[in-house]
>>> print(open('protein.cif').read())   # mmCIF, C-alpha atoms
data_protein
loop_
_atom_site.label_atom_id
_atom_site.label_comp_id
_atom_site.auth_asym_id
_atom_site.auth_seq_id
_atom_site.Cartn_x
_atom_site.Cartn_y
_atom_site.Cartn_z
CA MET F 1 -8.34 -9.62 26.67
CA ASN F 2 -5.66 -11.95 25.36
CA LEU F 3 -6.35 -12.90 21.76
CA SER F 4 -4.54 -15.77 20.10
CA ASN F 5 -2.57 -15.14 16.93
CA LYS F 6 -5.26 -16.95 14.94
CA LYS F 7 -7.99 -14.69 16.30
CA LYS F 8 -5.82 -11.61 15.67
CA SER F 9 -5.32 -12.73 12.07
CA ILE F 10 -9.04 -13.25 11.59
CA LEU F 11 -9.89 -9.88 13.15
CA THR F 12 -7.27 -8.06 11.10
CA SER F 13 -8.43 -9.76 7.89
CA VAL F 14 -12.04 -8.77 8.54
CA LEU F 15 -11.03 -5.17 9.28
CA PHE F 16 -9.04 -4.99 6.04
CA LEU F 17 -11.98 -6.49 4.14
CA ILE F 18 -14.21 -3.75 5.54
CA PHE F 19 -11.59 -1.11 4.72
CA GLY F 20 -11.23 -2.43 1.16
CA VAL F 21 -14.99 -2.33 0.59
CA PHE F 22 -15.13 1.20 2.04
CA LEU F 23 -12.28 2.31 -0.22
CA PHE F 24 -13.95 0.79 -3.26
CA VAL F 25 -17.26 2.52 -2.50
CA GLN F 26 -15.48 5.84 -1.99
CA ALA F 27 -13.49 5.44 -5.21
CA SER F 28 -16.69 4.69 -7.11
CA GLY F 29 -17.93 8.16 -6.20
CA VAL F 30 -14.92 9.94 -7.73
CA LYS F 31 -15.97 11.92 -10.80
CA HIS F 32 -14.05 11.88 -14.08
CA MET F 33 -11.99 15.04 -14.40
CA MET F 34 -11.13 14.61 -18.08
CA LYS F 35 -12.95 13.03 -20.97
CA ASN F 36 -11.65 9.76 -22.41
CA ASP F 37 -9.65 8.75 -19.37
CA VAL F 38 -9.98 5.78 -17.08
CA GLY F 39 -11.04 8.14 -14.31
CA SER F 40 -9.44 9.34 -11.15
CA GLY F 41 -11.15 6.58 -9.21
CA PHE F 42 -9.70 3.76 -11.32
CA PHE F 43 -6.45 3.18 -9.42
CA PRO F 44 -8.05 3.53 -5.97
CA LYS F 45 -10.50 0.84 -7.11
CA VAL F 46 -7.58 -1.38 -8.18
CA ILE F 47 -5.95 -0.86 -4.77
CA ALA F 48 -9.26 -1.58 -3.02
CA ILE F 49 -9.69 -4.82 -4.96
CA ALA F 50 -6.11 -5.82 -4.11
CA ILE F 51 -6.76 -5.11 -0.41
CA ILE F 52 -10.01 -7.10 -0.50
CA ALA F 53 -8.34 -10.02 -2.28
CA ALA F 54 -5.34 -10.10 0.06
CA ALA F 55 -7.57 -9.83 3.14
CA ALA F 56 -9.86 -12.59 1.86
CA ILE F 57 -6.92 -14.90 1.16
CA ARG F 58 -5.45 -14.18 4.60
CA LEU F 59 -8.84 -14.76 6.23
CA VAL F 60 -9.19 -18.16 4.55
CA MET F 61 -5.65 -19.07 5.58
CA ALA F 62 -6.29 -17.98 9.18
CA LEU F 63 -9.53 -19.94 9.35
CA ARG F 64 -7.84 -23.09 8.05
CA GLU F 65 -4.80 -23.07 10.34
CA LYS F 66 -4.84 -24.76 13.69
CA GLU F 67 -4.42 -22.68 16.82
CA SER F 68 -0.88 -23.97 17.41
CA GLU F 69 0.19 -23.11 13.84
CA SER F 70 -0.27 -19.34 14.26
CA LYS F 71 3.23 -17.92 14.26
CA ALA F 72 3.05 -14.13 14.40
CA THR F 73 6.29 -12.99 15.96
CA GLY F 74 7.12 -9.71 17.62
CA SER F 75 9.12 -8.64 14.57
CA ASP F 76 6.12 -9.40 12.32
CA MET F 77 3.94 -7.18 14.49
CA ALA F 78 6.56 -4.43 14.56
CA GLY F 79 6.87 -4.60 10.77
CA GLY F 80 3.10 -4.33 10.46
CA TRP F 81 2.95 -1.26 12.70
CA ILE F 82 5.89 0.34 10.90
CA THR F 83 4.15 -0.30 7.57
CA ILE F 84 0.99 1.38 8.82
CA ALA F 85 3.05 4.36 10.06
CA LEU F 86 4.91 4.59 6.73
CA ILE F 87 1.64 4.59 4.78
CA GLY F 88 0.27 7.33 7.04
CA ILE F 89 3.38 9.46 6.57
CA TYR F 90 3.27 8.84 2.81
CA VAL F 91 -0.35 9.95 2.60
CA LEU F 92 0.42 13.11 4.58
CA ALA F 93 3.50 13.93 2.46
CA PHE F 94 1.98 13.05 -0.93
CA ASN F 95 0.46 16.43 -1.86
CA PRO F 96 2.88 18.87 -0.19
CA VAL F 97 6.10 17.04 -1.12
CA GLY F 98 4.87 15.63 -4.43
CA PHE F 99 4.49 12.19 -5.93
CA ILE F 100 8.06 11.49 -7.00
CA ILE F 101 9.94 12.41 -3.82
CA SER F 102 7.36 11.04 -1.39
CA THR F 103 7.15 7.77 -3.35
CA ILE F 104 10.94 7.35 -3.55
CA VAL F 105 11.26 7.80 0.22
CA TYR F 106 8.25 5.58 0.96
CA LEU F 107 9.37 2.74 -1.31
CA PHE F 108 12.91 2.81 0.05
CA ALA F 109 11.70 2.69 3.67
CA GLN F 110 9.01 0.07 2.97
CA ILE F 111 11.40 -2.24 1.14
CA LEU F 112 13.82 -1.99 4.08
CA VAL F 113 11.02 -2.97 6.47
CA LEU F 114 9.95 -5.93 4.34
CA THR F 115 13.39 -7.27 3.44
CA PRO F 116 15.37 -9.29 6.00
CA LYS F 117 18.68 -7.63 6.89
CA GLU F 118 20.76 -10.49 5.51
CA LYS F 119 19.03 -10.31 2.10
CA ARG F 120 19.18 -6.54 1.52
CA ASN F 121 20.79 -5.46 -1.73
CA TRP F 122 21.20 -1.69 -1.45
CA ILE F 123 21.71 -1.20 -5.18
CA VAL F 124 18.51 -3.05 -6.08
CA ILE F 125 16.51 -1.34 -3.33
CA SER F 126 17.75 2.08 -4.45
CA ALA F 127 17.11 1.34 -8.11
CA ILE F 128 13.55 0.16 -7.50
CA SER F 129 12.85 3.11 -5.21
CA ILE F 130 14.01 5.61 -7.83
CA ILE F 131 12.98 4.01 -11.13
CA ALA F 132 9.43 2.94 -10.16
CA PRO F 133 8.17 6.44 -9.19
CA PHE F 134 9.61 8.03 -12.35
CA ALA F 135 8.08 5.28 -14.50
CA LEU F 136 4.70 5.68 -12.80
CA TYR F 137 4.91 9.46 -13.11
CA ALA F 138 5.60 9.16 -16.84
CA LEU F 139 2.75 6.67 -17.22
CA PHE F 140 0.27 8.93 -15.46
CA THR F 141 1.29 12.22 -17.04
CA HIS F 142 2.08 11.12 -20.61
CA VAL F 143 0.03 7.98 -21.26
CA ILE F 144 -3.05 8.39 -19.07
CA SER F 145 -2.90 12.23 -19.06
CA SER F 146 -3.71 12.31 -15.38
CA PRO F 147 -1.51 14.74 -13.46
CA LEU F 148 0.08 13.79 -10.16
CA PRO F 149 0.98 16.21 -7.35
CA LYS F 150 4.19 18.06 -8.17
CA GLY F 151 4.92 19.24 -4.66
CA ILE F 152 7.37 21.80 -3.42
CA PHE F 153 10.03 21.17 -6.06
CA GLY F 154 7.72 21.42 -9.08
CA PHE F 155 8.12 17.85 -10.37
#
>>> encode(input="protein.cif", output="structure tokens")
Amino acid sequence: MNLSNKKKSILTSVLFLIFGVFLFVQASGVKHMMKNDVGSGFFPKVIAIAIIAAAAIRLVMALREKESESKATGSDMAGGWITIALIGIYVLAFNPVGFIISTIVYLFAQILVLTPKEKRNWIVISAISIIAPFALYALFTHVISSPLPKGIFGF
């Protein structure tokens, strides 16, 4: 079965729409662990809505483009598969390694995958990869009062 790039884009968009809806439904079932918080299911719902929105936009774009305009290259496909692998590794490492370290490593690797080699700024990539997890950790633990996994190093 040889699918065109347009058909692959449509199929992938539909699968991500289904996944986003599934994630949203699952997040809706998460119980509040503490009173007066936004709930543990809040951020998974935000992610689910973002996935649904991105998949819907991509689906509309795929449906509107002509067959000859589909331009998925081998490097695009490789980047997509690497992204899926990175997310899987991140999910597996999240609890045992902890939020901060697993997020630093994930962000650094993901930014490298998404940034063309000629446009990589190692200082900016490193700064984003380090500052963002610490800022999110502070937000969750001090503002929202929702603990994140500390992992093997205790932070």
>>> closest_residue(input="protein.cif", among="F:Phe134, F:Phe153, F:Phe16, F:Phe42", to="Ile100 in chain F", atoms="only C-alpha atoms")
F:Phe134
>>> resolve_selection(input="protein.cif", expression="the PyMOL selection byres ((chain F and resi 88-96) around 10)", output="list in words")
Ile82, Thr83, Ile84, Ala85, Leu86, Ile87, Val97, Gly98, Phe99, Ile100, Ile101, Ser102, Thr103, Val105, Tyr106, Leu107, Leu148, Pro149, Lys150, Gly151, Ile152 and Phe153 of chain F
>>> atom_distance(input="protein.cif", atom1="CA of Val30 in chain F", atom2="CA of Pro44 in chain F")
9.6 Å
>>> resolve_selection(input="protein.cif", expression="the PyMOL selection byres ((chain F and resi 18) around 12)", output="list in words")
Leu11, Thr12, Ser13, Val14, Leu15, Phe16, Leu17, Phe19, Gly20, Val21, Phe22, Leu23, Phe24, Val25, Ala48, Ile49, Ile51, Ile52, Ala53, Ala55 and Ala56 of chain F
>>> write_last_selection(input="protein.cif", atoms="C-alpha atoms", output="PDB file, in the frame of the given file")
ATOM      1  CA  LEU F  11      -9.890  -9.880  13.150  1.00  0.00           C
ATOM      2  CA  THR F  12      -7.270  -8.060  11.100  1.00  0.00           C
ATOM      3  CA  SER F  13      -8.430  -9.760   7.890  1.00  0.00           C
ATOM      4  CA  VAL F  14     -12.040  -8.770   8.540  1.00  0.00           C
ATOM      5  CA  LEU F  15     -11.030  -5.170   9.280  1.00  0.00           C
ATOM      6  CA  PHE F  16      -9.040  -4.990   6.040  1.00  0.00           C
ATOM      7  CA  LEU F  17     -11.980  -6.490   4.140  1.00  0.00           C
ATOM      8  CA  PHE F  19     -11.590  -1.110   4.720  1.00  0.00           C
ATOM      9  CA  GLY F  20     -11.230  -2.430   1.160  1.00  0.00           C
ATOM     10  CA  VAL F  21     -14.990  -2.330   0.590  1.00  0.00           C
ATOM     11  CA  PHE F  22     -15.130   1.200   2.040  1.00  0.00           C
ATOM     12  CA  LEU F  23     -12.280   2.310  -0.220  1.00  0.00           C
ATOM     13  CA  PHE F  24     -13.950   0.790  -3.260  1.00  0.00           C
ATOM     14  CA  VAL F  25     -17.260   2.520  -2.500  1.00  0.00           C
ATOM     15  CA  ALA F  48      -9.260  -1.580  -3.020  1.00  0.00           C
ATOM     16  CA  ILE F  49      -9.690  -4.820  -4.960  1.00  0.00           C
ATOM     17  CA  ILE F  51      -6.760  -5.110  -0.410  1.00  0.00           C
ATOM     18  CA  ILE F  52     -10.010  -7.100  -0.500  1.00  0.00           C
ATOM     19  CA  ALA F  53      -8.340 -10.020  -2.280  1.00  0.00           C
ATOM     20  CA  ALA F  55      -7.570  -9.830   3.140  1.00  0.00           C
ATOM     21  CA  ALA F  56      -9.860 -12.590   1.860  1.00  0.00           C
TER      22      ALA F  56
END
>>> residues_near_point(input="protein.cif", point="(-8.3, -16.4, 6.1)", cutoff="9 Å", atoms="only C-alpha atoms", output="ChimeraX atom specification")
/F:9-10,13-14,55-65
>>> closest_residue(input="protein.cif", among="F:Leu136, F:Lys6, F:Gly79, F:Gly41", to="Ile111 in chain F", atoms="all atoms listed in the file")
F:Gly79
